Every structure is written in structure tokens, then in C-alpha cells.
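So this block is target_30.pdb, PDB, N, CA and C atoms:
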```pdb
ATOM      1  N   MET L  13     -27.171 -58.188  12.735
ATOM      2  CA  MET L  13     -27.809 -59.014  11.738
ATOM      3  C   MET L  13     -29.310 -58.812  11.716
ATOM      4  N   GLY L  14     -29.851 -58.176  12.703
ATOM      5  CA  GLY L  14     -31.296 -57.974  12.745
ATOM      6  C   GLY L  14     -31.992 -59.064  13.541
ATOM      7  N   CYS L  15     -33.242 -58.849  13.797
ATOM      8  CA  CYS L  15     -34.031 -59.760  14.622
ATOM      9  C   CYS L  15     -34.978 -60.573  13.740
ATOM     10  N   LEU L  16     -34.802 -61.875  13.737
ATOM     11  CA  LEU L  16     -35.673 -62.756  12.955
ATOM     12  C   LEU L  16     -37.116 -62.689  13.438
ATOM     13  N   ARG L  17     -37.293 -62.552  14.731
ATOM     14  CA  ARG L  17     -38.652 -62.506  15.296
ATOM     15  C   ARG L  17     -39.392 -61.248  14.837
ATOM     16  N   ASN L  18     -38.680 -60.115  14.834
ATOM     17  CA  ASN L  18     -39.302 -58.877  14.340
ATOM     18  C   ASN L  18     -39.599 -58.976  12.852
ATOM     19  N   ASP L  19     -38.645 -59.505  12.101
ATOM     20  CA  ASP L  19     -38.829 -59.635  10.657
ATOM     21  C   ASP L  19     -40.028 -60.503  10.306
ATOM     22  N   ALA L  20     -40.291 -61.526  11.121
ATOM     23  CA  ALA L  20     -41.396 -62.446  10.864
ATOM     24  C   ALA L  20     -42.672 -62.041  11.601
ATOM     25  N   ALA L  21     -42.656 -60.902  12.298
ATOM     26  CA  ALA L  21     -43.808 -60.412  13.078
ATOM     27  C   ALA L  21     -44.323 -61.484  14.042
ATOM     28  N   VAL L  22     -43.383 -62.117  14.769
ATOM     29  CA  VAL L  22     -43.728 -63.177  15.712
ATOM     30  C   VAL L  22     -44.283 -62.549  16.988
ATOM     31  N   GLU L  23     -45.375 -63.112  17.494
ATOM     32  CA  GLU L  23     -46.012 -62.624  18.713
ATOM     33  C   GLU L  23     -45.118 -62.903  19.928
ATOM     34  N   SER L  24     -45.063 -61.956  20.846
ATOM     35  CA  SER L  24     -44.277 -62.110  22.061
ATOM     36  C   SER L  24     -44.700 -63.377  22.798
ATOM     37  N   GLY L  25     -43.713 -64.105  23.300
ATOM     38  CA  GLY L  25     -43.996 -65.308  24.066
ATOM     39  C   GLY L  25     -44.127 -66.568  23.229
ATOM     40  N   THR L  26     -43.896 -66.463  21.920
ATOM     41  CA  THR L  26     -44.028 -67.631  21.042
ATOM     42  C   THR L  26     -42.774 -67.788  20.189
ATOM     43  N   SER L  27     -42.601 -68.958  19.638
ATOM     44  CA  SER L  27     -41.523 -69.284  18.683
ATOM     45  C   SER L  27     -40.149 -68.812  19.155
ATOM     46  N   HIS L  28     -39.797 -69.167  20.375
ATOM     47  CA  HIS L  28     -38.511 -68.770  20.946
ATOM     48  C   HIS L  28     -37.323 -69.251  20.125
ATOM     49  N   GLU L  29     -37.501 -70.339  19.405
ATOM     50  CA  GLU L  29     -36.392 -70.899  18.627
ATOM     51  C   GLU L  29     -35.949 -69.995  17.486
ATOM     52  N   LEU L  30     -36.731 -68.973  17.160
ATOM     53  CA  LEU L  30     -36.379 -68.060  16.081
ATOM     54  C   LEU L  30     -35.471 -66.915  16.528
ATOM     55  N   CYS L  31     -35.047 -66.945  17.758
ATOM     56  CA  CYS L  31     -34.230 -65.851  18.289
ATOM     57  C   CYS L  31     -32.750 -66.184  18.222
ATOM     58  N   ARG L  32     -31.947 -65.239  17.770
ATOM     59  CA  ARG L  32     -30.490 -65.424  17.729
ATOM     60  C   ARG L  32     -29.850 -65.229  19.102
ATOM     61  N   GLY L  33     -30.535 -64.537  19.967
ATOM     62  CA  GLY L  33     -29.976 -64.209  21.274
ATOM     63  C   GLY L  33     -30.438 -65.160  22.365
ATOM     64  N   LEU L  34     -30.014 -64.864  23.580
ATOM     65  CA  LEU L  34     -30.427 -65.601  24.762
ATOM     66  C   LEU L  34     -31.162 -64.657  25.688
ATOM     67  N   HIS L  35     -32.059 -65.204  26.477
ATOM     68  CA  HIS L  35     -32.689 -64.407  27.519
ATOM     69  C   HIS L  35     -31.690 -64.238  28.658
ATOM     70  N   ALA L  36     -31.883 -63.218  29.453
ATOM     71  CA  ALA L  36     -30.968 -62.921  30.556
ATOM     72  C   ALA L  36     -30.851 -64.096  31.523
ATOM     73  N   GLU L  37     -31.955 -64.800  31.756
ATOM     74  CA  GLU L  37     -31.927 -65.941  32.668
ATOM     75  C   GLU L  37     -30.994 -67.035  32.136
ATOM     76  N   GLN L  38     -31.075 -67.302  30.837
ATOM     77  CA  GLN L  38     -30.218 -68.310  30.217
ATOM     78  C   GLN L  38     -28.755 -67.883  30.325
ATOM     79  N   ASN L  39     -28.505 -66.635  30.058
ATOM     80  CA  ASN L  39     -27.146 -66.109  30.143
ATOM     81  C   ASN L  39     -26.606 -66.220  31.562
ATOM     82  N   ALA L  40     -27.429 -65.938  32.560
ATOM     83  CA  ALA L  40     -26.999 -66.024  33.959
ATOM     84  C   ALA L  40     -26.640 -67.457  34.336
ATOM     85  N   ILE L  41     -27.448 -68.423  33.910
ATOM     86  CA  ILE L  41     -27.167 -69.828  34.198
ATOM     87  C   ILE L  41     -25.849 -70.249  33.540
ATOM     88  N   ILE L  42     -25.662 -69.872  32.291
ATOM     89  CA  ILE L  42     -24.446 -70.229  31.562
ATOM     90  C   ILE L  42     -23.216 -69.586  32.202
ATOM     91  N   GLN L  43     -23.306 -68.320  32.562
ATOM     92  CA  GLN L  43     -22.168 -67.635  33.176
ATOM     93  C   GLN L  43     -21.824 -68.250  34.535
ATOM     94  N   ALA L  44     -22.842 -68.612  35.321
ATOM     95  CA  ALA L  44     -22.574 -69.265  36.610
ATOM     96  C   ALA L  44     -21.838 -70.575  36.381
ATOM     97  N   ALA L  45     -22.310 -71.364  35.423
ATOM     98  CA  ALA L  45     -21.657 -72.646  35.125
ATOM     99  C   ALA L  45     -20.232 -72.430  34.632
ATOM    100  N   LEU L  46     -20.050 -71.468  33.758
ATOM    101  CA  LEU L  46     -18.731 -71.181  33.205
ATOM    102  C   LEU L  46     -17.713 -70.850  34.301
ATOM    103  N   HIS L  47     -18.192 -70.158  35.328
ATOM    104  CA  HIS L  47     -17.309 -69.725  36.414
ATOM    105  C   HIS L  47     -17.376 -70.641  37.640
ATOM    106  N   GLY L  48     -18.051 -71.786  37.504
ATOM    107  CA  GLY L  48     -18.093 -72.766  38.585
ATOM    108  C   GLY L  48     -18.909 -72.353  39.788
ATOM    109  N   VAL L  49     -19.941 -71.555  39.576
ATOM    110  CA  VAL L  49     -20.778 -71.066  40.671
ATOM    111  C   VAL L  49     -22.128 -71.781  40.631
ATOM    112  N   SER L  50     -22.439 -72.534  41.688
ATOM    113  CA  SER L  50     -23.728 -73.215  41.760
ATOM    114  C   SER L  50     -24.827 -72.205  42.086
ATOM    115  N   ILE L  51     -25.946 -72.328  41.408
ATOM    116  CA  ILE L  51     -27.103 -71.480  41.726
ATOM    117  C   ILE L  51     -28.204 -72.307  42.385
ATOM    118  N   ASP L  52     -27.881 -73.538  42.744
ATOM    119  CA  ASP L  52     -28.819 -74.405  43.443
ATOM    120  C   ASP L  52     -29.231 -73.745  44.756
ATOM    121  N   GLY L  53     -30.515 -73.618  44.969
ATOM    122  CA  GLY L  53     -31.029 -72.966  46.169
ATOM    123  C   GLY L  53     -31.070 -71.455  46.068
ATOM    124  N   GLY L  54     -30.804 -70.913  44.877
ATOM    125  CA  GLY L  54     -30.746 -69.470  44.685
ATOM    126  C   GLY L  54     -32.110 -68.820  44.475
ATOM    127  N   VAL L  55     -32.078 -67.504  44.479
ATOM    128  CA  VAL L  55     -33.250 -66.672  44.235
ATOM    129  C   VAL L  55     -32.925 -65.753  43.065
ATOM    130  N   MET L  56     -33.866 -65.585  42.134
ATOM    131  CA  MET L  56     -33.646 -64.707  40.995
ATOM    132  C   MET L  56     -34.549 -63.478  41.101
ATOM    133  N   TYR L  57     -33.974 -62.322  40.834
ATOM    134  CA  TYR L  57     -34.722 -61.084  40.720
ATOM    135  C   TYR L  57     -34.596 -60.626  39.277
ATOM    136  N   SER L  58     -35.734 -60.343  38.644
ATOM    137  CA  SER L  58     -35.725 -60.042  37.217
ATOM    138  C   SER L  58     -36.733 -58.944  36.887
ATOM    139  N   THR L  59     -36.471 -58.249  35.803
ATOM    140  CA  THR L  59     -37.442 -57.247  35.366
ATOM    141  C   THR L  59     -38.718 -57.907  34.852
ATOM    142  N   HIS L  60     -38.592 -59.097  34.243
ATOM    143  CA  HIS L  60     -39.751 -59.772  33.664
ATOM    144  C   HIS L  60     -39.870 -61.210  34.160
ATOM    145  N   GLN L  61     -41.093 -61.679  34.252
ATOM    146  CA  GLN L  61     -41.364 -63.073  34.561
ATOM    147  C   GLN L  61     -40.707 -63.937  33.475
ATOM    148  N   PRO L  62     -40.058 -65.037  33.842
ATOM    149  CA  PRO L  62     -39.387 -65.854  32.836
ATOM    150  C   PRO L  62     -40.369 -66.552  31.887
ATOM    151  N   CYS L  63     -39.924 -66.740  30.654
ATOM    152  CA  CYS L  63     -40.697 -67.509  29.675
ATOM    153  C   CYS L  63     -40.618 -68.993  30.054
ATOM    154  N   VAL L  64     -41.345 -69.833  29.353
ATOM    155  CA  VAL L  64     -41.375 -71.254  29.694
ATOM    156  C   VAL L  64     -40.011 -71.919  29.513
ATOM    157  N   LEU L  65     -39.251 -71.546  28.494
ATOM    158  CA  LEU L  65     -37.929 -72.147  28.302
ATOM    159  C   LEU L  65     -37.001 -71.799  29.456
ATOM    160  N   CYS L  66     -36.968 -70.520  29.836
ATOM    161  CA  CYS L  66     -36.131 -70.094  30.958
ATOM    162  C   CYS L  66     -36.630 -70.716  32.260
ATOM    163  N   THR L  67     -37.935 -70.812  32.414
ATOM    164  CA  THR L  67     -38.529 -71.404  33.609
ATOM    165  C   THR L  67     -38.036 -72.830  33.805
ATOM    166  N   LYS L  68     -38.058 -73.619  32.742
ATOM    167  CA  LYS L  68     -37.599 -75.008  32.847
ATOM    168  C   LYS L  68     -36.119 -75.068  33.225
ATOM    169  N   MET L  69     -35.316 -74.173  32.671
ATOM    170  CA  MET L  69     -33.895 -74.144  32.998
ATOM    171  C   MET L  69     -33.675 -73.739  34.458
ATOM    172  N   LEU L  70     -34.406 -72.732  34.916
ATOM    173  CA  LEU L  70     -34.256 -72.255  36.292
ATOM    174  C   LEU L  70     -34.679 -73.316  37.299
ATOM    175  N   ILE L  71     -35.750 -74.040  37.005
ATOM    176  CA  ILE L  71     -36.190 -75.127  37.879
ATOM    177  C   ILE L  71     -35.103 -76.189  37.963
ATOM    178  N   ASN L  72     -34.583 -76.587  36.816
ATOM    179  CA  ASN L  72     -33.557 -77.636  36.785
ATOM    180  C   ASN L  72     -32.240 -77.183  37.401
ATOM    181  N   ALA L  73     -31.988 -75.879  37.425
ATOM    182  CA  ALA L  73     -30.775 -75.356  38.045
ATOM    183  C   ALA L  73     -30.915 -75.258  39.563
ATOM    184  N   GLY L  74     -32.139 -75.455  40.083
ATOM    185  CA  GLY L  74     -32.340 -75.518  41.523
ATOM    186  C   GLY L  74     -32.810 -74.246  42.195
ATOM    187  N   LEU L  75     -33.243 -73.241  41.427
ATOM    188  CA  LEU L  75     -33.749 -72.029  42.072
ATOM    189  C   LEU L  75     -35.019 -72.351  42.859
ATOM    190  N   TRP L  76     -35.209 -71.657  43.971
ATOM    191  CA  TRP L  76     -36.408 -71.916  44.761
ATOM    192  C   TRP L  76     -37.377 -70.731  44.754
ATOM    193  N   ALA L  77     -36.938 -69.571  44.239
ATOM    194  CA  ALA L  77     -37.830 -68.407  44.203
ATOM    195  C   ALA L  77     -37.443 -67.476  43.058
ATOM    196  N   ILE L  78     -38.464 -66.884  42.457
ATOM    197  CA  ILE L  78     -38.280 -65.927  41.362
ATOM    198  C   ILE L  78     -39.153 -64.718  41.637
ATOM    199  N   TYR L  79     -38.544 -63.547  41.675
ATOM    200  CA  TYR L  79     -39.259 -62.289  41.847
ATOM    201  C   TYR L  79     -39.096 -61.473  40.566
ATOM    202  N   TYR L  80     -40.188 -60.902  40.092
ATOM    203  CA  TYR L  80     -40.145 -60.133  38.846
ATOM    204  C   TYR L  80     -41.033 -58.907  38.966
ATOM    205  N   ILE L  81     -40.829 -57.949  38.060
ATOM    206  CA  ILE L  81     -41.621 -56.718  38.063
ATOM    207  C   ILE L  81     -42.753 -56.790  37.041
ATOM    208  N   GLU L  82     -42.437 -57.223  35.837
ATOM    209  CA  GLU L  82     -43.430 -57.267  34.764
ATOM    210  C   GLU L  82     -43.799 -58.706  34.406
ATOM    211  N   PRO L  83     -45.092 -58.980  34.216
ATOM    212  CA  PRO L  83     -45.485 -60.319  33.771
ATOM    213  C   PRO L  83     -45.059 -60.564  32.323
ATOM    214  N   TYR L  84     -45.061 -61.819  31.925
ATOM    215  CA  TYR L  84     -44.697 -62.216  30.570
ATOM    216  C   TYR L  84     -45.863 -63.053  30.037
ATOM    217  N   PRO L  85     -46.243 -62.881  28.786
ATOM    218  CA  PRO L  85     -47.439 -63.571  28.268
ATOM    219  C   PRO L  85     -47.194 -65.063  28.028
ATOM    220  N   ASP L  86     -46.968 -65.812  29.101
ATOM    221  CA  ASP L  86     -46.670 -67.230  28.987
ATOM    222  C   ASP L  86     -47.277 -67.968  30.178
ATOM    223  N   PRO L  87     -48.584 -68.272  30.119
ATOM    224  CA  PRO L  87     -49.240 -68.916  31.258
ATOM    225  C   PRO L  87     -48.657 -70.287  31.609
ATOM    226  N   LEU L  88     -48.105 -71.003  30.633
ATOM    227  CA  LEU L  88     -47.518 -72.305  30.919
ATOM    228  C   LEU L  88     -46.327 -72.174  31.864
ATOM    229  N   ALA L  89     -45.551 -71.105  31.715
ATOM    230  CA  ALA L  89     -44.399 -70.879  32.593
ATOM    231  C   ALA L  89     -44.851 -70.781  34.052
ATOM    232  N   ALA L  90     -45.898 -70.025  34.313
ATOM    233  CA  ALA L  90     -46.408 -69.876  35.684
ATOM    234  C   ALA L  90     -46.910 -71.209  36.221
ATOM    235  N   LYS L  91     -47.570 -71.980  35.384
ATOM    236  CA  LYS L  91     -48.103 -73.286  35.801
ATOM    237  C   LYS L  91     -46.965 -74.236  36.161
ATOM    238  N   ILE L  92     -45.913 -74.254  35.343
ATOM    239  CA  ILE L  92     -44.774 -75.136  35.594
ATOM    240  C   ILE L  92     -44.064 -74.754  36.893
ATOM    241  N   LEU L  93     -43.911 -73.461  37.145
ATOM    242  CA  LEU L  93     -43.291 -73.019  38.402
ATOM    243  C   LEU L  93     -44.101 -73.508  39.598
ATOM    244  N   GLU L  94     -45.409 -73.365  39.511
ATOM    245  CA  GLU L  94     -46.284 -73.804  40.598
ATOM    246  C   GLU L  94     -46.159 -75.314  40.808
ATOM    247  N   GLU L  95     -46.191 -76.074  39.723
ATOM    248  CA  GLU L  95     -46.082 -77.530  39.819
ATOM    249  C   GLU L  95     -44.750 -77.957  40.430
ATOM    250  N   ALA L  96     -43.692 -77.205  40.155
ATOM    251  CA  ALA L  96     -42.359 -77.536  40.664
ATOM    252  C   ALA L  96     -42.141 -77.041  42.092
ATOM    253  N   GLY L  97     -43.085 -76.257  42.608
ATOM    254  CA  GLY L  97     -42.948 -75.735  43.959
ATOM    255  C   GLY L  97     -41.986 -74.564  44.071
ATOM    256  N   VAL L  98     -41.736 -73.891  42.937
ATOM    257  CA  VAL L  98     -40.862 -72.720  42.948
ATOM    258  C   VAL L  98     -41.723 -71.481  43.171
ATOM    259  N   MET L  99     -41.388 -70.713  44.194
ATOM    260  CA  MET L  99     -42.146 -69.500  44.474
ATOM    261  C   MET L  99     -41.902 -68.479  43.358
ATOM    262  N   SER L 100     -42.960 -67.872  42.911
ATOM    263  CA  SER L 100     -42.865 -66.844  41.878
ATOM    264  C   SER L 100     -43.773 -65.697  42.290
ATOM    265  N   GLU L 101     -43.202 -64.496  42.365
ATOM    266  CA  GLU L 101     -43.979 -63.367  42.879
ATOM    267  C   GLU L 101     -43.690 -62.091  42.113
ATOM    268  N   LYS L 102     -44.756 -61.394  41.744
ATOM    269  CA  LYS L 102     -44.626 -60.086  41.081
ATOM    270  C   LYS L 102     -44.318 -59.052  42.157
ATOM    271  N   MET L 103     -43.286 -58.263  41.924
ATOM    272  CA  MET L 103     -42.902 -57.199  42.860
ATOM    273  C   MET L 103     -43.471 -55.863  42.383
ATOM    274  N   SER L 104     -43.560 -54.947  43.291
ATOM    275  CA  SER L 104     -43.984 -53.598  42.969
ATOM    276  C   SER L 104     -42.806 -52.651  43.206
ATOM    277  N   LEU L 105     -42.643 -51.687  42.324
ATOM    278  CA  LEU L 105     -41.571 -50.710  42.502
ATOM    279  C   LEU L 105     -41.984 -49.578  43.413
ATOM    280  N   GLU L 106     -43.259 -49.543  43.767
ATOM    281  CA  GLU L 106     -43.752 -48.469  44.632
ATOM    282  C   GLU L 106     -43.556 -48.855  46.084
ATOM    283  N   GLY L 107     -43.156 -47.893  46.895
ATOM    284  CA  GLY L 107     -42.780 -48.082  48.264
ATOM    285  C   GLY L 107     -43.763 -48.598  49.184
TER     286      GLY L 107
END
```
Transcribe the structure of this file into C-alpha cells.
Amino acid sequence: MGCLRNDAAVESGTSHELCRGLHAEQNAIIQAALHGVSIDGGVMYSTHQPCVLCTKMLINAGLWAIYYIEPYPDPLAAKILEEAGVMSEKMSLEG
């Protein structure tokens, strides 16, 4: 069907409600719930730092640490993680 965000030239990190899809973090939370797997106390490894919407979901799901490779242009997400006491760390792919 195409991407509404691309069609509207929406800047990355904004207007998440215009997306037809889900972020990987949202999908992971939903799949865990669907299969009866608690992620409370879990750690997430991701290619990108979570956006603010995913951040709020991950905090409420009980994750205590998030490791990512690439930052995401969403300073509020980082602030919320810090306020919630969830460790968030950028990883390096170099040895």
C-alpha cells in the first residue's frame, strides 16, 4: 500500500501515528505476550535506539537494559529511559 510517512515527507522520529507498520520492539512485545512469555527483567539488543513510543512500552514491560548500535533522533526517549532507571547503551561493532 505504500508508506504514508514517505508520501507526506515526514521527518524521522516524528508523527509515528502515520505509520501502518509496527517497530520491531512493539512486535517483540506483542509476540511475547501472544505466546505467554514474560519479558519482565529482560534485556533488549537492537540495531537502533528505540523511539519514545517503543521506549514507553519497553519500560512498562519491565526491561531493565537496552543495547543498540545506531542512535535514533528522539532525545525524549533517552530522557525517559534515564528517568525510569533503564540502562541504555550504544554498542560498537568493532572489536
Item to complete: Based on DSSP run over this structure's backbone, return all residues of region 23-96 of chain L in strand (DSSP E or B), as an MDAnalysis selection string.
Response: chainID L and resid 55:60 77:82
Sorted by chain and rising residue number, list the residues of region 59-107 of chain L at most 7 Å from region 15-30 of chain L (counting all atoms listed in the file), each with its closest atom pair and distance in Å to one decimal, as CSV.
```
residue,atom,partner,partner_atom,distance
L:Cys63,CA,L:Gly25,CA,6.9
L:Tyr84,C,L:Gly25,CA,6.7
L:Pro85,C,L:Gly25,CA,5.1
L:Asp86,N,L:Gly25,CA,5.9
```
Item to complete: Would you write out, as a PyMOL selection string, every residue that the PyMOL selection byres ((chain L and resi 90-93) around 8) captures in this file?
Response: chain L and resi 62-64+67-68+71+86-89+94-100
Could you build a table of the residues in region 63-96 of chain L lying no more than 5 Å from region 37-59 of chain L, giving for each the nearest pair of atoms and their separation in Å rounded to one decimal place, using only N, CA and C atoms, ordered by chain and ascending residue number, as a Markdown table?
```
| residue | atom | partner | partner_atom | distance |
| --- | --- | --- | --- | --- |
| L:Ala73 | C | L:Asp52 | CA | 4.5 |
| L:Gly74 | C | L:Gly53 | N | 3.7 |
| L:Leu75 | CA | L:Gly54 | N | 4.2 |
| L:Trp76 | N | L:Gly54 | C | 4.2 |
| L:Ala77 | C | L:Met56 | N | 4.2 |
| L:Ile78 | CA | L:Met56 | C | 4.5 |
| L:Tyr79 | C | L:Ser58 | N | 4.0 |
| L:Tyr80 | CA | L:Ser58 | C | 4.1 |
| L:Ile81 | N | L:Thr59 | C | 3.8 |
| L:Glu82 | N | L:Thr59 | C | 3.9 |
```
Save out the residues we just selected, N, CA and C atoms, as a compact mmCIF listing (two decimals), in the frame of the given file.
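Printed below is part_26.txt as written:
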```txt
# COMPACT_ATOMS: atom_id res chain seq x y z
N ALA L 73 -31.99 -75.88 37.42
CA ALA L 73 -30.78 -75.36 38.04
C ALA L 73 -30.92 -75.26 39.56
N GLY L 74 -32.14 -75.46 40.08
CA GLY L 74 -32.34 -75.52 41.52
C GLY L 74 -32.81 -74.25 42.20
N LEU L 75 -33.24 -73.24 41.43
CA LEU L 75 -33.75 -72.03 42.07
C LEU L 75 -35.02 -72.35 42.86
N TRP L 76 -35.21 -71.66 43.97
CA TRP L 76 -36.41 -71.92 44.76
C TRP L 76 -37.38 -70.73 44.75
N ALA L 77 -36.94 -69.57 44.24
CA ALA L 77 -37.83 -68.41 44.20
C ALA L 77 -37.44 -67.48 43.06
N ILE L 78 -38.46 -66.88 42.46
CA ILE L 78 -38.28 -65.93 41.36
C ILE L 78 -39.15 -64.72 41.64
N TYR L 79 -38.54 -63.55 41.68
CA TYR L 79 -39.26 -62.29 41.85
C TYR L 79 -39.10 -61.47 40.57
N TYR L 80 -40.19 -60.90 40.09
CA TYR L 80 -40.15 -60.13 38.85
C TYR L 80 -41.03 -58.91 38.97
N ILE L 81 -40.83 -57.95 38.06
CA ILE L 81 -41.62 -56.72 38.06
C ILE L 81 -42.75 -56.79 37.04
N GLU L 82 -42.44 -57.22 35.84
CA GLU L 82 -43.43 -57.27 34.76
C GLU L 82 -43.80 -58.71 34.41
```
Worksheet item: Hey, can you check how far atom N of Glu101 (chain L) sits from CA of Gly33 (chain L)?
Response: 24.9 Å
Item to complete: Would you mind reading off the distance between CA of Arg32 (chain L) and atom C of Cys66 (chain L), one decimal, in Å?
Response: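 Between CA of Arg32 (chain L) and atom C of Cys66 (chain L) the gap is 16.6 Å.
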Fill in: For atom C of Gln61 (chain L) and atom N of Pro83 (chain L), the interatomic separation in Å (one decimal)
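Result for atom C of Gln61 (chain L) versus atom N of Pro83 (chain L): 6.7 Å, one decimal.
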Your completed region 80-95 of chain L with N, CA, C and O atoms, as an mmCIF file, keeping the file's coordinate frame:
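Everything below was put into rebuild_30.cif:
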```cif
data_model
loop_
_atom_site.group_PDB
_atom_site.id
_atom_site.type_symbol
_atom_site.label_atom_id
_atom_site.label_comp_id
_atom_site.auth_asym_id
_atom_site.auth_seq_id
_atom_site.Cartn_x
_atom_site.Cartn_y
_atom_site.Cartn_z
ATOM 1 N N TYR L 80 -40.188 -60.902 40.092
ATOM 2 C CA TYR L 80 -40.145 -60.133 38.846
ATOM 3 C C TYR L 80 -41.033 -58.907 38.966
ATOM 4 O O TYR L 80 -41.905 -58.826 39.841
ATOM 5 N N ILE L 81 -40.829 -57.949 38.060
ATOM 6 C CA ILE L 81 -41.621 -56.718 38.063
ATOM 7 C C ILE L 81 -42.753 -56.790 37.041
ATOM 8 O O ILE L 81 -43.887 -56.466 37.345
ATOM 9 N N GLU L 82 -42.437 -57.223 35.837
ATOM 10 C CA GLU L 82 -43.430 -57.267 34.764
ATOM 11 C C GLU L 82 -43.799 -58.706 34.406
ATOM 12 O O GLU L 82 -42.930 -59.560 34.288
ATOM 13 N N PRO L 83 -45.092 -58.980 34.216
ATOM 14 C CA PRO L 83 -45.485 -60.319 33.771
ATOM 15 C C PRO L 83 -45.059 -60.564 32.323
ATOM 16 O O PRO L 83 -44.712 -59.625 31.604
ATOM 17 N N TYR L 84 -45.061 -61.819 31.925
ATOM 18 C CA TYR L 84 -44.697 -62.216 30.570
ATOM 19 C C TYR L 84 -45.863 -63.053 30.037
ATOM 20 O O TYR L 84 -46.427 -63.853 30.781
ATOM 21 N N PRO L 85 -46.243 -62.881 28.786
ATOM 22 C CA PRO L 85 -47.439 -63.571 28.268
ATOM 23 C C PRO L 85 -47.194 -65.063 28.028
ATOM 24 O O PRO L 85 -47.188 -65.534 26.904
ATOM 25 N N ASP L 86 -46.968 -65.812 29.101
ATOM 26 C CA ASP L 86 -46.670 -67.230 28.987
ATOM 27 C C ASP L 86 -47.277 -67.968 30.178
ATOM 28 O O ASP L 86 -46.585 -68.266 31.148
ATOM 29 N N PRO L 87 -48.584 -68.272 30.119
ATOM 30 C CA PRO L 87 -49.240 -68.916 31.258
ATOM 31 C C PRO L 87 -48.657 -70.287 31.609
ATOM 32 O O PRO L 87 -48.695 -70.697 32.762
ATOM 33 N N LEU L 88 -48.105 -71.003 30.633
ATOM 34 C CA LEU L 88 -47.518 -72.305 30.919
ATOM 35 C C LEU L 88 -46.327 -72.174 31.864
ATOM 36 O O LEU L 88 -46.122 -73.013 32.739
ATOM 37 N N ALA L 89 -45.551 -71.105 31.715
ATOM 38 C CA ALA L 89 -44.399 -70.879 32.593
ATOM 39 C C ALA L 89 -44.851 -70.781 34.052
ATOM 40 O O ALA L 89 -44.259 -71.402 34.940
ATOM 41 N N ALA L 90 -45.898 -70.025 34.313
ATOM 42 C CA ALA L 90 -46.408 -69.876 35.684
ATOM 43 C C ALA L 90 -46.910 -71.209 36.221
ATOM 44 O O ALA L 90 -46.670 -71.547 37.392
ATOM 45 N N LYS L 91 -47.570 -71.980 35.384
ATOM 46 C CA LYS L 91 -48.103 -73.286 35.801
ATOM 47 C C LYS L 91 -46.965 -74.236 36.161
ATOM 48 O O LYS L 91 -47.026 -74.946 37.162
ATOM 49 N N ILE L 92 -45.913 -74.254 35.343
ATOM 50 C CA ILE L 92 -44.774 -75.136 35.594
ATOM 51 C C ILE L 92 -44.064 -74.754 36.893
ATOM 52 O O ILE L 92 -43.661 -75.621 37.666
ATOM 53 N N LEU L 93 -43.911 -73.461 37.145
ATOM 54 C CA LEU L 93 -43.291 -73.019 38.402
ATOM 55 C C LEU L 93 -44.101 -73.508 39.598
ATOM 56 O O LEU L 93 -43.548 -74.011 40.577
ATOM 57 N N GLU L 94 -45.409 -73.365 39.511
ATOM 58 C CA GLU L 94 -46.284 -73.804 40.598
ATOM 59 C C GLU L 94 -46.159 -75.314 40.808
ATOM 60 O O GLU L 94 -46.016 -75.784 41.936
ATOM 61 N N GLU L 95 -46.191 -76.074 39.723
ATOM 62 C CA GLU L 95 -46.082 -77.530 39.819
ATOM 63 C C GLU L 95 -44.750 -77.957 40.430
ATOM 64 O O GLU L 95 -44.679 -78.959 41.142
#
```
